[in-house]
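K.L.:
Just my_file_31.pdb, nothing more (PDB, C-alpha atoms, pLDDT in the B column):
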```pdb
ATOM      1  CA  MET Q   1     -24.137 262.648 210.277  1.00 50.00           C
ATOM      2  CA  THR Q   2     -21.391 260.344 211.416  1.00 46.00           C
ATOM      3  CA  LYS Q   3     -18.979 260.919 214.215  1.00 47.00           C
ATOM      4  CA  GLY Q   4     -15.402 261.799 213.278  1.00 45.00           C
ATOM      5  CA  PRO Q   5     -12.353 263.867 214.235  1.00 51.00           C
ATOM      6  CA  ASP Q   6     -13.048 266.532 211.618  1.00 67.00           C
ATOM      7  CA  PRO Q   7     -16.041 267.824 209.615  1.00 71.00           C
ATOM      8  CA  ILE Q   8     -14.935 266.008 206.448  1.00 76.00           C
ATOM      9  CA  HIS Q   9     -14.642 262.611 208.144  1.00 76.00           C
ATOM     10  CA  GLN Q  10     -18.427 262.156 208.040  1.00 78.00           C
ATOM     11  CA  PHE Q  11     -18.303 261.900 204.220  1.00 83.00           C
ATOM     12  CA  GLU Q  12     -15.725 259.094 204.144  1.00 85.00           C
ATOM     13  CA  VAL Q  13     -16.700 256.069 202.055  1.00 86.00           C
ATOM     14  CA  VAL Q  14     -16.062 252.881 204.049  1.00 87.00           C
ATOM     15  CA  ARG Q  15     -16.036 249.364 202.601  1.00 89.00           C
ATOM     16  CA  LEU Q  16     -18.330 247.115 204.624  1.00 88.00           C
ATOM     17  CA  ILE Q  17     -18.058 244.029 202.418  1.00 88.00           C
ATOM     18  CA  ASN Q  18     -15.152 243.695 199.995  1.00 87.00           C
ATOM     19  CA  ILE Q  19     -16.352 242.429 196.618  1.00 85.00           C
ATOM     20  CA  SER Q  20     -14.211 242.275 193.485  1.00 83.00           C
ATOM     21  CA  ILE Q  21     -15.076 241.039 190.004  1.00 83.00           C
ATOM     22  CA  GLY Q  22     -11.736 240.707 188.287  1.00 78.00           C
ATOM     23  CA  ARG Q  23     -10.158 244.146 188.600  1.00 81.00           C
ATOM     24  CA  LEU Q  24     -13.540 245.794 189.175  1.00 83.00           C
ATOM     25  CA  ASP Q  25     -14.203 246.845 192.764  1.00 80.00           C
ATOM     26  CA  VAL Q  26     -17.928 246.496 193.529  1.00 83.00           C
ATOM     27  CA  SER Q  27     -17.603 246.479 197.315  1.00 86.00           C
ATOM     28  CA  PHE Q  28     -20.660 247.074 199.481  1.00 89.00           C
ATOM     29  CA  THR Q  29     -19.984 250.396 201.245  1.00 91.00           C
ATOM     30  CA  ASN Q  30     -21.702 252.627 203.776  1.00 91.00           C
ATOM     31  CA  VAL Q  31     -23.025 254.605 200.790  1.00 92.00           C
ATOM     32  CA  SER Q  32     -24.559 251.416 199.367  1.00 92.00           C
ATOM     33  CA  LEU Q  33     -26.074 250.599 202.752  1.00 94.00           C
ATOM     34  CA  PHE Q  34     -27.768 253.956 203.188  1.00 94.00           C
ATOM     35  CA  MET Q  35     -28.956 254.021 199.584  1.00 95.00           C
ATOM     36  CA  MET Q  36     -30.574 250.654 200.247  1.00 95.00           C
ATOM     37  CA  LEU Q  37     -32.086 251.938 203.508  1.00 95.00           C
ATOM     38  CA  THR Q  38     -33.421 254.997 201.689  1.00 96.00           C
ATOM     39  CA  VAL Q  39     -35.218 252.827 199.140  1.00 95.00           C
ATOM     40  CA  ILE Q  40     -36.534 250.431 201.808  1.00 96.00           C
ATOM     41  CA  ILE Q  41     -37.788 253.190 204.115  1.00 95.00           C
ATOM     42  CA  SER Q  42     -39.401 255.074 201.229  1.00 94.00           C
ATOM     43  CA  THR Q  43     -41.112 251.935 199.926  1.00 94.00           C
ATOM     44  CA  ILE Q  44     -42.372 250.809 203.336  1.00 93.00           C
ATOM     45  CA  PHE Q  45     -43.667 254.277 204.180  1.00 91.00           C
ATOM     46  CA  LEU Q  46     -45.560 254.665 200.900  1.00 89.00           C
ATOM     47  CA  LEU Q  47     -47.003 251.143 201.093  1.00 88.00           C
ATOM     48  CA  MET Q  48     -48.056 251.513 204.718  1.00 87.00           C
ATOM     49  CA  THR Q  49     -49.670 254.904 204.211  1.00 84.00           C
ATOM     50  CA  SER Q  50     -51.499 254.069 200.998  1.00 79.00           C
ATOM     51  CA  ARG Q  51     -52.709 250.500 201.521  1.00 76.00           C
ATOM     52  CA  SER Q  52     -55.973 251.447 203.302  1.00 71.00           C
ATOM     53  CA  ARG Q  53     -57.044 254.002 200.674  1.00 68.00           C
ATOM     54  CA  GLY Q  54     -59.819 255.253 202.916  1.00 66.00           C
ATOM     55  CA  ILE Q  55     -62.260 257.859 201.673  1.00 69.00           C
ATOM     56  CA  VAL Q  56     -61.497 259.744 204.868  1.00 67.00           C
ATOM     57  CA  PRO Q  57     -57.683 259.541 204.948  1.00 70.00           C
ATOM     58  CA  THR Q  58     -55.695 259.010 208.103  1.00 76.00           C
ATOM     59  CA  ARG Q  59     -52.911 261.446 208.976  1.00 79.00           C
ATOM     60  CA  MET Q  60     -50.264 259.201 207.457  1.00 79.00           C
ATOM     61  CA  GLN Q  61     -52.347 258.617 204.337  1.00 82.00           C
ATOM     62  CA  SER Q  62     -52.770 262.377 204.037  1.00 86.00           C
ATOM     63  CA  ILE Q  63     -48.987 262.816 203.946  1.00 86.00           C
ATOM     64  CA  SER Q  64     -48.690 260.410 201.006  1.00 87.00           C
ATOM     65  CA  GLU Q  65     -51.603 262.036 199.198  1.00 88.00           C
ATOM     66  CA  ILE Q  66     -50.164 265.524 199.719  1.00 91.00           C
ATOM     67  CA  ALA Q  67     -46.769 264.393 198.387  1.00 92.00           C
ATOM     68  CA  TYR Q  68     -48.465 262.683 195.435  1.00 91.00           C
ATOM     69  CA  GLU Q  69     -50.560 265.709 194.512  1.00 93.00           C
ATOM     70  CA  PHE Q  70     -47.678 268.124 195.122  1.00 94.00           C
ATOM     71  CA  ILE Q  71     -45.401 266.392 192.617  1.00 95.00           C
ATOM     72  CA  ALA Q  72     -48.255 265.725 190.189  1.00 95.00           C
ATOM     73  CA  SER Q  73     -49.188 269.411 190.250  1.00 95.00           C
ATOM     74  CA  THR Q  74     -45.554 270.476 189.765  1.00 94.00           C
ATOM     75  CA  LEU Q  75     -45.124 268.113 186.810  1.00 95.00           C
ATOM     76  CA  ARG Q  76     -48.467 269.101 185.282  1.00 94.00           C
ATOM     77  CA  LYS Q  77     -47.691 272.819 185.459  1.00 93.00           C
ATOM     78  CA  SER Q  78     -44.253 272.331 183.910  1.00 92.00           C
ATOM     79  CA  THR Q  79     -45.027 269.821 181.163  1.00 92.00           C
ATOM     80  CA  GLY Q  80     -48.795 269.749 180.773  1.00 89.00           C
ATOM     81  CA  ILE Q  81     -50.940 266.623 180.695  1.00 91.00           C
ATOM     82  CA  GLN Q  82     -48.579 265.018 178.177  1.00 89.00           C
ATOM     83  CA  GLY Q  83     -45.830 264.879 180.778  1.00 90.00           C
ATOM     84  CA  MET Q  84     -47.847 262.943 183.358  1.00 92.00           C
ATOM     85  CA  HIS Q  85     -46.577 259.568 182.121  1.00 92.00           C
ATOM     86  CA  PHE Q  86     -43.225 260.664 183.640  1.00 95.00           C
ATOM     87  CA  PHE Q  87     -44.876 260.967 187.051  1.00 95.00           C
ATOM     88  CA  PRO Q  88     -43.529 257.653 188.496  1.00 95.00           C
ATOM     89  CA  PHE Q  89     -39.994 258.665 187.499  1.00 96.00           C
ATOM     90  CA  VAL Q  90     -40.229 262.216 188.879  1.00 96.00           C
ATOM     91  CA  PHE Q  91     -42.019 261.146 192.059  1.00 96.00           C
ATOM     92  CA  SER Q  92     -39.410 258.442 192.726  1.00 95.00           C
ATOM     93  CA  LEU Q  93     -36.593 260.971 192.305  1.00 96.00           C
ATOM     94  CA  PHE Q  94     -38.243 263.418 194.714  1.00 96.00           C
ATOM     95  CA  ILE Q  95     -38.934 260.822 197.401  1.00 96.00           C
ATOM     96  CA  PHE Q  96     -35.470 259.251 197.133  1.00 96.00           C
ATOM     97  CA  ILE Q  97     -33.653 262.594 197.437  1.00 96.00           C
ATOM     98  CA  LEU Q  98     -35.925 263.868 200.214  1.00 95.00           C
ATOM     99  CA  VAL Q  99     -35.644 260.708 202.329  1.00 96.00           C
ATOM    100  CA  ALA Q 100     -31.873 260.452 201.717  1.00 95.00           C
ATOM    101  CA  ASN Q 101     -31.435 264.080 202.786  1.00 94.00           C
ATOM    102  CA  CYS Q 102     -33.496 263.578 205.949  1.00 93.00           C
ATOM    103  CA  ILE Q 103     -31.777 260.311 206.907  1.00 93.00           C
ATOM    104  CA  GLY Q 104     -28.450 262.145 206.713  1.00 90.00           C
ATOM    105  CA  LEU Q 105     -29.578 264.471 209.506  1.00 89.00           C
ATOM    106  CA  ILE Q 106     -29.936 261.576 211.946  1.00 87.00           C
ATOM    107  CA  PRO Q 107     -26.798 261.179 214.120  1.00 82.00           C
ATOM    108  CA  TYR Q 108     -24.396 258.482 212.901  1.00 84.00           C
ATOM    109  CA  CYS Q 109     -26.234 258.174 209.584  1.00 88.00           C
ATOM    110  CA  TYR Q 110     -24.706 258.841 206.180  1.00 91.00           C
ATOM    111  CA  THR Q 111     -25.902 261.454 203.695  1.00 91.00           C
ATOM    112  CA  VAL Q 112     -25.691 259.759 200.303  1.00 94.00           C
ATOM    113  CA  THR Q 113     -26.590 262.994 198.502  1.00 94.00           C
ATOM    114  CA  SER Q 114     -23.367 264.530 199.814  1.00 91.00           C
ATOM    115  CA  GLN Q 115     -21.502 262.293 197.335  1.00 92.00           C
ATOM    116  CA  ILE Q 116     -21.020 263.975 193.942  1.00 93.00           C
ATOM    117  CA  THR Q 117     -20.988 260.520 192.319  1.00 92.00           C
ATOM    118  CA  ILE Q 118     -24.556 259.822 193.477  1.00 94.00           C
ATOM    119  CA  THR Q 119     -25.962 263.212 192.533  1.00 95.00           C
ATOM    120  CA  PHE Q 120     -24.198 263.125 189.160  1.00 96.00           C
ATOM    121  CA  VAL Q 121     -25.643 259.698 188.354  1.00 95.00           C
ATOM    122  CA  LEU Q 122     -29.124 260.982 189.202  1.00 96.00           C
ATOM    123  CA  ALA Q 123     -28.560 264.039 187.003  1.00 96.00           C
ATOM    124  CA  VAL Q 124     -27.255 261.921 184.111  1.00 96.00           C
ATOM    125  CA  LEU Q 125     -30.281 259.638 184.482  1.00 96.00           C
ATOM    126  CA  VAL Q 126     -32.538 262.672 184.071  1.00 96.00           C
ATOM    127  CA  MET Q 127     -30.680 263.930 181.001  1.00 95.00           C
ATOM    128  CA  LEU Q 128     -30.583 260.496 179.357  1.00 96.00           C
ATOM    129  CA  THR Q 129     -34.340 260.267 179.856  1.00 95.00           C
ATOM    130  CA  VAL Q 130     -34.733 263.674 178.205  1.00 95.00           C
ATOM    131  CA  ILE Q 131     -32.490 262.732 175.260  1.00 94.00           C
ATOM    132  CA  PHE Q 132     -33.966 259.280 174.595  1.00 95.00           C
ATOM    133  CA  TYR Q 133     -37.549 260.471 174.883  1.00 94.00           C
ATOM    134  CA  GLY Q 134     -36.789 263.560 172.807  1.00 92.00           C
ATOM    135  CA  PHE Q 135     -35.449 261.452 169.940  1.00 92.00           C
ATOM    136  CA  PHE Q 136     -38.225 258.876 170.374  1.00 90.00           C
ATOM    137  CA  ARG Q 137     -40.917 261.544 170.145  1.00 89.00           C
ATOM    138  CA  HIS Q 138     -39.405 263.986 167.635  1.00 87.00           C
ATOM    139  CA  ARG Q 139     -36.699 261.984 165.847  1.00 89.00           C
ATOM    140  CA  THR Q 140     -34.078 264.348 164.363  1.00 88.00           C
ATOM    141  CA  ARG Q 141     -36.364 267.341 164.978  1.00 88.00           C
ATOM    142  CA  PHE Q 142     -35.164 267.126 168.585  1.00 89.00           C
ATOM    143  CA  PHE Q 143     -32.025 268.994 167.473  1.00 88.00           C
ATOM    144  CA  ARG Q 144     -34.257 272.061 167.149  1.00 87.00           C
ATOM    145  CA  ILE Q 145     -33.835 272.430 170.898  1.00 87.00           C
ATOM    146  CA  PHE Q 146     -30.449 273.964 170.097  1.00 87.00           C
ATOM    147  CA  VAL Q 147     -31.874 276.375 167.503  1.00 84.00           C
ATOM    148  CA  PRO Q 148     -34.111 279.013 169.128  1.00 78.00           C
ATOM    149  CA  SER Q 149     -36.797 280.475 166.884  1.00 76.00           C
ATOM    150  CA  ASP Q 150     -36.674 284.062 165.583  1.00 77.00           C
ATOM    151  CA  VAL Q 151     -32.882 284.282 165.922  1.00 78.00           C
ATOM    152  CA  PRO Q 152     -31.094 286.292 163.192  1.00 82.00           C
ATOM    153  CA  ILE Q 153     -29.171 283.997 160.874  1.00 84.00           C
ATOM    154  CA  PHE Q 154     -25.843 285.787 161.345  1.00 85.00           C
ATOM    155  CA  ILE Q 155     -25.721 285.037 165.091  1.00 89.00           C
ATOM    156  CA  LEU Q 156     -27.354 281.595 164.862  1.00 85.00           C
ATOM    157  CA  PRO Q 157     -24.009 279.659 165.035  1.00 88.00           C
ATOM    158  CA  LEU Q 158     -23.064 281.506 168.221  1.00 90.00           C
ATOM    159  CA  ILE Q 159     -26.484 280.990 169.837  1.00 88.00           C
ATOM    160  CA  THR Q 160     -26.519 277.322 168.841  1.00 90.00           C
ATOM    161  CA  THR Q 161     -23.068 276.805 170.375  1.00 92.00           C
ATOM    162  CA  ILE Q 162     -24.230 278.446 173.594  1.00 92.00           C
ATOM    163  CA  GLU Q 163     -27.359 276.269 173.656  1.00 90.00           C
ATOM    164  CA  VAL Q 164     -25.309 273.087 173.180  1.00 92.00           C
ATOM    165  CA  ILE Q 165     -22.905 274.049 175.975  1.00 94.00           C
ATOM    166  CA  SER Q 166     -25.841 274.957 178.216  1.00 92.00           C
ATOM    167  CA  PHE Q 167     -27.511 271.608 177.536  1.00 92.00           C
ATOM    168  CA  LEU Q 168     -24.338 269.620 178.227  1.00 92.00           C
ATOM    169  CA  SER Q 169     -23.725 271.532 181.459  1.00 94.00           C
ATOM    170  CA  ARG Q 170     -27.150 270.684 182.854  1.00 94.00           C
ATOM    171  CA  PRO Q 171     -26.155 267.422 184.574  1.00 94.00           C
ATOM    172  CA  ILE Q 172     -23.121 269.165 186.071  1.00 94.00           C
ATOM    173  CA  SER Q 173     -25.088 272.075 187.519  1.00 93.00           C
ATOM    174  CA  LEU Q 174     -27.946 269.801 188.610  1.00 93.00           C
ATOM    175  CA  SER Q 175     -25.634 267.442 190.496  1.00 94.00           C
ATOM    176  CA  ILE Q 176     -23.350 270.084 192.011  1.00 94.00           C
ATOM    177  CA  ARG Q 177     -26.286 272.118 193.321  1.00 93.00           C
ATOM    178  CA  LEU Q 178     -27.598 269.202 195.385  1.00 93.00           C
ATOM    179  CA  PHE Q 179     -24.167 267.895 196.404  1.00 93.00           C
ATOM    180  CA  ALA Q 180     -22.779 271.298 197.443  1.00 93.00           C
ATOM    181  CA  ASN Q 181     -25.796 272.286 199.529  1.00 92.00           C
ATOM    182  CA  MET Q 182     -25.846 269.033 201.473  1.00 91.00           C
ATOM    183  CA  LEU Q 183     -22.059 269.042 201.912  1.00 90.00           C
ATOM    184  CA  ALA Q 184     -21.883 272.649 203.135  1.00 88.00           C
ATOM    185  CA  GLY Q 185     -24.819 272.274 205.505  1.00 86.00           C
ATOM    186  CA  HIS Q 186     -23.462 269.160 207.182  1.00 84.00           C
ATOM    187  CA  ILE Q 187     -19.976 270.631 207.523  1.00 86.00           C
ATOM    188  CA  THR Q 188     -21.413 273.739 209.194  1.00 85.00           C
ATOM    189  CA  LEU Q 189     -23.524 271.609 211.512  1.00 82.00           C
ATOM    190  CA  LYS Q 190     -20.544 269.432 212.447  1.00 81.00           C
ATOM    191  CA  VAL Q 191     -18.361 272.480 213.157  1.00 82.00           C
ATOM    192  CA  PHE Q 192     -20.858 274.000 215.612  1.00 79.00           C
ATOM    193  CA  ALA Q 193     -21.450 270.602 217.240  1.00 78.00           C
ATOM    194  CA  GLY Q 194     -17.665 270.317 217.635  1.00 78.00           C
ATOM    195  CA  PHE Q 195     -17.598 273.696 219.375  1.00 76.00           C
ATOM    196  CA  ILE Q 196     -20.069 272.380 221.954  1.00 77.00           C
ATOM    197  CA  VAL Q 197     -17.956 269.312 222.750  1.00 75.00           C
ATOM    198  CA  SER Q 198     -14.760 271.377 222.984  1.00 77.00           C
ATOM    199  CA  LEU Q 199     -16.292 274.019 225.263  1.00 75.00           C
ATOM    200  CA  VAL Q 200     -18.011 271.510 227.573  1.00 75.00           C
ATOM    201  CA  SER Q 201     -14.665 269.784 228.147  1.00 75.00           C
ATOM    202  CA  LEU Q 202     -13.294 273.043 229.644  1.00 74.00           C
ATOM    203  CA  GLY Q 203     -15.484 272.816 232.741  1.00 72.00           C
ATOM    204  CA  PRO Q 204     -18.261 275.039 234.184  1.00 73.00           C
ATOM    205  CA  LEU Q 205     -17.146 278.163 232.313  1.00 72.00           C
ATOM    206  CA  GLY Q 206     -17.017 276.207 229.071  1.00 70.00           C
ATOM    207  CA  ILE Q 207     -20.492 274.773 229.652  1.00 73.00           C
ATOM    208  CA  GLY Q 208     -21.899 278.303 229.943  1.00 75.00           C
ATOM    209  CA  SER Q 209     -20.067 279.354 226.797  1.00 74.00           C
ATOM    210  CA  ALA Q 210     -21.440 276.345 224.929  1.00 74.00           C
ATOM    211  CA  ILE Q 211     -25.005 277.687 225.068  1.00 81.00           C
ATOM    212  CA  LEU Q 212     -24.581 279.866 221.984  1.00 81.00           C
ATOM    213  CA  PRO Q 213     -23.108 277.085 219.790  1.00 77.00           C
ATOM    214  CA  LEU Q 214     -25.904 274.806 221.061  1.00 81.00           C
ATOM    215  CA  ILE Q 215     -28.555 277.296 219.974  1.00 84.00           C
ATOM    216  CA  MET Q 216     -26.832 277.689 216.618  1.00 83.00           C
ATOM    217  CA  THR Q 217     -26.661 273.908 216.184  1.00 82.00           C
ATOM    218  CA  ILE Q 218     -30.390 273.559 216.861  1.00 86.00           C
ATOM    219  CA  ALA Q 219     -31.170 276.419 214.467  1.00 86.00           C
ATOM    220  CA  ILE Q 220     -28.939 274.987 211.721  1.00 86.00           C
ATOM    221  CA  THR Q 221     -30.499 271.534 212.191  1.00 87.00           C
ATOM    222  CA  ALA Q 222     -33.968 273.035 211.670  1.00 88.00           C
ATOM    223  CA  LEU Q 223     -32.653 274.913 208.637  1.00 89.00           C
ATOM    224  CA  GLU Q 224     -31.129 271.718 207.247  1.00 90.00           C
ATOM    225  CA  PHE Q 225     -34.521 269.992 207.326  1.00 91.00           C
ATOM    226  CA  LEU Q 226     -35.865 272.878 205.262  1.00 92.00           C
ATOM    227  CA  VAL Q 227     -32.870 272.643 202.915  1.00 93.00           C
ATOM    228  CA  ALA Q 228     -33.433 268.869 202.613  1.00 93.00           C
ATOM    229  CA  PHE Q 229     -36.935 269.522 201.277  1.00 94.00           C
ATOM    230  CA  LEU Q 230     -35.977 272.509 199.134  1.00 94.00           C
ATOM    231  CA  GLN Q 231     -33.116 270.685 197.415  1.00 95.00           C
ATOM    232  CA  ALA Q 232     -35.360 267.724 196.623  1.00 95.00           C
ATOM    233  CA  TYR Q 233     -37.953 270.167 195.283  1.00 96.00           C
ATOM    234  CA  VAL Q 234     -35.436 272.157 193.205  1.00 95.00           C
ATOM    235  CA  PHE Q 235     -34.050 268.948 191.690  1.00 96.00           C
ATOM    236  CA  THR Q 236     -37.619 267.896 190.858  1.00 96.00           C
ATOM    237  CA  VAL Q 237     -38.595 271.253 189.331  1.00 96.00           C
ATOM    238  CA  LEU Q 238     -35.496 271.332 187.127  1.00 95.00           C
ATOM    239  CA  THR Q 239     -36.172 267.750 186.072  1.00 96.00           C
ATOM    240  CA  CYS Q 240     -39.697 268.773 185.047  1.00 95.00           C
ATOM    241  CA  MET Q 241     -38.326 271.728 183.082  1.00 94.00           C
ATOM    242  CA  TYR Q 242     -35.833 269.536 181.238  1.00 94.00           C
ATOM    243  CA  LEU Q 243     -38.536 266.962 180.469  1.00 94.00           C
ATOM    244  CA  ASN Q 244     -40.658 269.763 179.074  1.00 93.00           C
ATOM    245  CA  ASP Q 245     -37.911 270.431 176.508  1.00 89.00           C
ATOM    246  CA  ALA Q 246     -38.239 266.841 175.290  1.00 89.00           C
ATOM    247  CA  ILE Q 247     -42.036 267.019 175.146  1.00 90.00           C
ATOM    248  CA  HIS Q 248     -42.586 270.484 173.709  1.00 85.00           C
ATOM    249  CA  LEU Q 249     -39.924 271.663 171.286  1.00 76.00           C
ATOM    250  CA  ASP Q 250     -41.740 274.900 170.457  1.00 64.00           C
ATOM    251  CA  HIS Q 251     -42.613 276.042 173.969  1.00 54.00           C
TER
END
```
Please render this file's structure as structure tokens.

P.N.:
Amino acid sequence: MTKGPDPIHQFEVVRLINISIGRLDVSFTNVSLFMMLTVIISTIFLLMTSRSRGIVPTRMQSISEIAYEFIASTLRKSTGIQGMHFFPFVFSLFIFILVANCIGLIPYCYTVTSQITITFVLAVLVMLTVIFYGFFRHRTRFFRIFVPSDVPIFILPLITTIEVISFLSRPISLSIRLFANMLAGHITLKVFAGFIVSLVSLGPLGIGSAILPLIMTIAITALEFLVAFLQAYVFTVLTCMYLNDAIHLDH
């Protein structure tokens, strides 16, 4: 959460280093910085907590092992053993989104998952993986994903059209769900934090009145940590479900 005059200011994209290639603007921004920090922090944490590989794990090693088994179990239940070769991809998505969400809750830090561009790219990456693997595994039979079994022939064109629209809307719904939840939560948090500052500036009476917004801010912050995990988990579960479509056409 960055400081600003209004709740929307915290989502402003700021150029830190101006870089242009012809007419293409590839400037290094605050979004780029915090994406880089997310990857670095995630990598360092996983390397530090897994390098000992003790039979009796330390507390930090236990966190990595729990996260590993949690995602592995989620992927296994959704796709079966055949889907486990997607584990590095799914685990990386979960860790990146979770760490990015949590970093955004630190004062003066930026929430990269509050940018629809970032969440949409992640969603498109998931769907491209589904499409390429689906065609690699099933060839043209992959189109059967749009033709449900046991559907009467006279309504098949309508059902197929609905299935195609549903499939194409997946990256939109997947990205908006994550983006909207992070955006709304941070705006709410910033509004209540703004109430505290405004009331405290009024003097002793204002300080007493600021207790309620302070309690609400603390409660919303705790809720946002839960939302940070849940949104990473929901994104991961939906990714597993979509991958299952590419692995098992007749599920």

K.L.:
So, with only C-alpha atoms as the atoms that count, which of Q:Ser209, Q:Thr119, Q:Ser114, Q:Thr221 lies closest to Q:Ile8?

P.N.:
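Closest residue, counting only C-alpha atoms: Q:Ser114.
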
K.L.:
Write out as a Markdown table the residues of stretch 77-102 of chain Q that have any atom within 10 Å of an atom of stretch 243-249 of chain Q, one row each with the nearest atom pair and its distance in Å to one decimal, counting all atoms listed in the file, sorted by chain and then rising number.

P.N.:
```
| residue | atom | partner | partner_atom | distance |
| --- | --- | --- | --- | --- |
| Q:Lys77 | CA | Q:Asn244 | CA | 10.0 |
| Q:Ser78 | CA | Q:Asn244 | CA | 6.6 |
| Q:Thr79 | CA | Q:Asn244 | CA | 4.8 |
| Q:Gly80 | CA | Q:Asn244 | CA | 8.3 |
| Q:Gln82 | CA | Q:Ile247 | CA | 7.5 |
| Q:Gly83 | CA | Q:Ile247 | CA | 7.1 |
| Q:Phe86 | CA | Q:Leu243 | CA | 8.5 |
| Q:Val90 | CA | Q:Leu243 | CA | 9.8 |
```

K.L.:
Emit the selected residues as a PDB file, keeping the file's coordinate frame, including C-alpha atoms.

P.N.:
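This went into again.pdb:
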```
ATOM      1  CA  LYS Q  77     -47.691 272.819 185.459  1.00 93.00           C
ATOM      2  CA  SER Q  78     -44.253 272.331 183.910  1.00 92.00           C
ATOM      3  CA  THR Q  79     -45.027 269.821 181.163  1.00 92.00           C
ATOM      4  CA  GLY Q  80     -48.795 269.749 180.773  1.00 89.00           C
ATOM      5  CA  GLN Q  82     -48.579 265.018 178.177  1.00 89.00           C
ATOM      6  CA  GLY Q  83     -45.830 264.879 180.778  1.00 90.00           C
ATOM      7  CA  PHE Q  86     -43.225 260.664 183.640  1.00 95.00           C
ATOM      8  CA  VAL Q  90     -40.229 262.216 188.879  1.00 96.00           C
TER       9      VAL Q  90
END
```

K.L.:
Spell out the residues picked by the PyMOL selection byres ((chain Q and resi 89) around 12) here, as an MDAnalysis selection string.

P.N.:
chainID Q and resid 71:72 75 83:88 90:96 122 125:126 129:130 236 239:240 243

K.L.:
Between atom CA of Q:Ala184 and atom CA of Q:Phe11, what is the spacing in Å?

P.N.:
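A separation of 11.4 Å between them.
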
K.L.:
At most 12 Å is the cut-off: for each residue in stretch 180-240 of chain Q with any atom that close to an atom of stretch 164-172 of chain Q, write down the nearest atom pair and the distance in Å rounded to one decimal, counting all atoms listed in the file, chain first then increasing number, as a tab-separated table.

P.N.:
```
residue	atom	partner	partner_atom	distance
Q:Ala180	CA	Q:Ile172	CA	11.6
Q:Phe235	CA	Q:Pro171	CA	10.7
Q:Leu238	CA	Q:Arg170	CA	9.4
Q:Thr239	CA	Q:Arg170	CA	10.0
```

K.L.:
Could you give me, as a list in words, the residues within 12 Å of Q:Ile162, counting all atoms listed in the file and dropping anything in the same chain fewer than 5 positions from it?

P.N.:
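Near Q:Ile162, the qualifying residues are Ile145, Phe146, Val147, Pro148, Ile155, Leu156, Pro157, Phe167, Leu168 and Ser169 of chain Q.
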
K.L.:
Identify which of the residues Q:Phe225, Q:Phe195, Q:Phe142, Q:Phe179 lies closest to Q:Gln115, counting all atoms listed in the file when measuring atom-to-atom distances.

P.N.:
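Smallest separation from Q:Gln115 among the options: Q:Phe179.
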
K.L.:
Name every residue that the PyMOL selection byres ((chain Q and resi 231) around 9) selects in this structure, writing the answer as a compact mmCIF listing (two decimals) with C-alpha atoms, keeping the file's coordinate frame with chains first and numbers rising.

P.N.:
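Saved as expr_29.txt:
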```txt
# COMPACT_ATOMS: atom_id res chain seq x y z
CA ILE Q 97 -33.65 262.59 197.44
CA LEU Q 98 -35.92 263.87 200.21
CA ASN Q 101 -31.44 264.08 202.79
CA ARG Q 177 -26.29 272.12 193.32
CA LEU Q 178 -27.60 269.20 195.38
CA ASN Q 181 -25.80 272.29 199.53
CA MET Q 182 -25.85 269.03 201.47
CA LEU Q 226 -35.86 272.88 205.26
CA VAL Q 227 -32.87 272.64 202.92
CA ALA Q 228 -33.43 268.87 202.61
CA PHE Q 229 -36.94 269.52 201.28
CA LEU Q 230 -35.98 272.51 199.13
CA ALA Q 232 -35.36 267.72 196.62
CA TYR Q 233 -37.95 270.17 195.28
CA VAL Q 234 -35.44 272.16 193.20
CA PHE Q 235 -34.05 268.95 191.69
CA THR Q 236 -37.62 267.90 190.86
```

K.L.:
Quick one: pull the distance between atom CA of Q:Ala210 and atom CA of Q:Ile106, Å, one decimal.

P.N.:
21.4 Å

K.L.:
Mind pulling up the distance from atom CA of Q:Ile44 to atom CA of Q:Val31?

P.N.:
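Between atom CA of Q:Val31 and atom CA of Q:Ile44 the gap works out to 19.9 Å.
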
K.L.:
Can you turn the PyMOL selection byres ((chain Q and resi 49) around 9) into a concrete residue list for this file, as a list of chain:residue names?

P.N.:
Q:Ile44, Q:Phe45, Q:Leu46, Q:Leu47, Q:Met48, Q:Ser50, Q:Arg51, Q:Ser52, Q:Arg53, Q:Thr58, Q:Arg59, Q:Met60, Q:Gln61, Q:Ser62, Q:Ile63, Q:Ser64, Q:Glu65

K.L.:
Write out as an NGL selection string which residues come within 8 Å of Q:Leu214 when counting only C-alpha atoms, dropping same-chain ones fewer than 2 positions away.

P.N.:
:Q and (192-193 or 196 or 210-212 or 216-218)

K.L.:
Give me the residues within 12 Å of Q:Leu16 as a ChimeraX atom specification, counting only C-alpha atoms and dropping any in the same chain fewer than 3 places off.

P.N.:
/Q:13,19,26-34
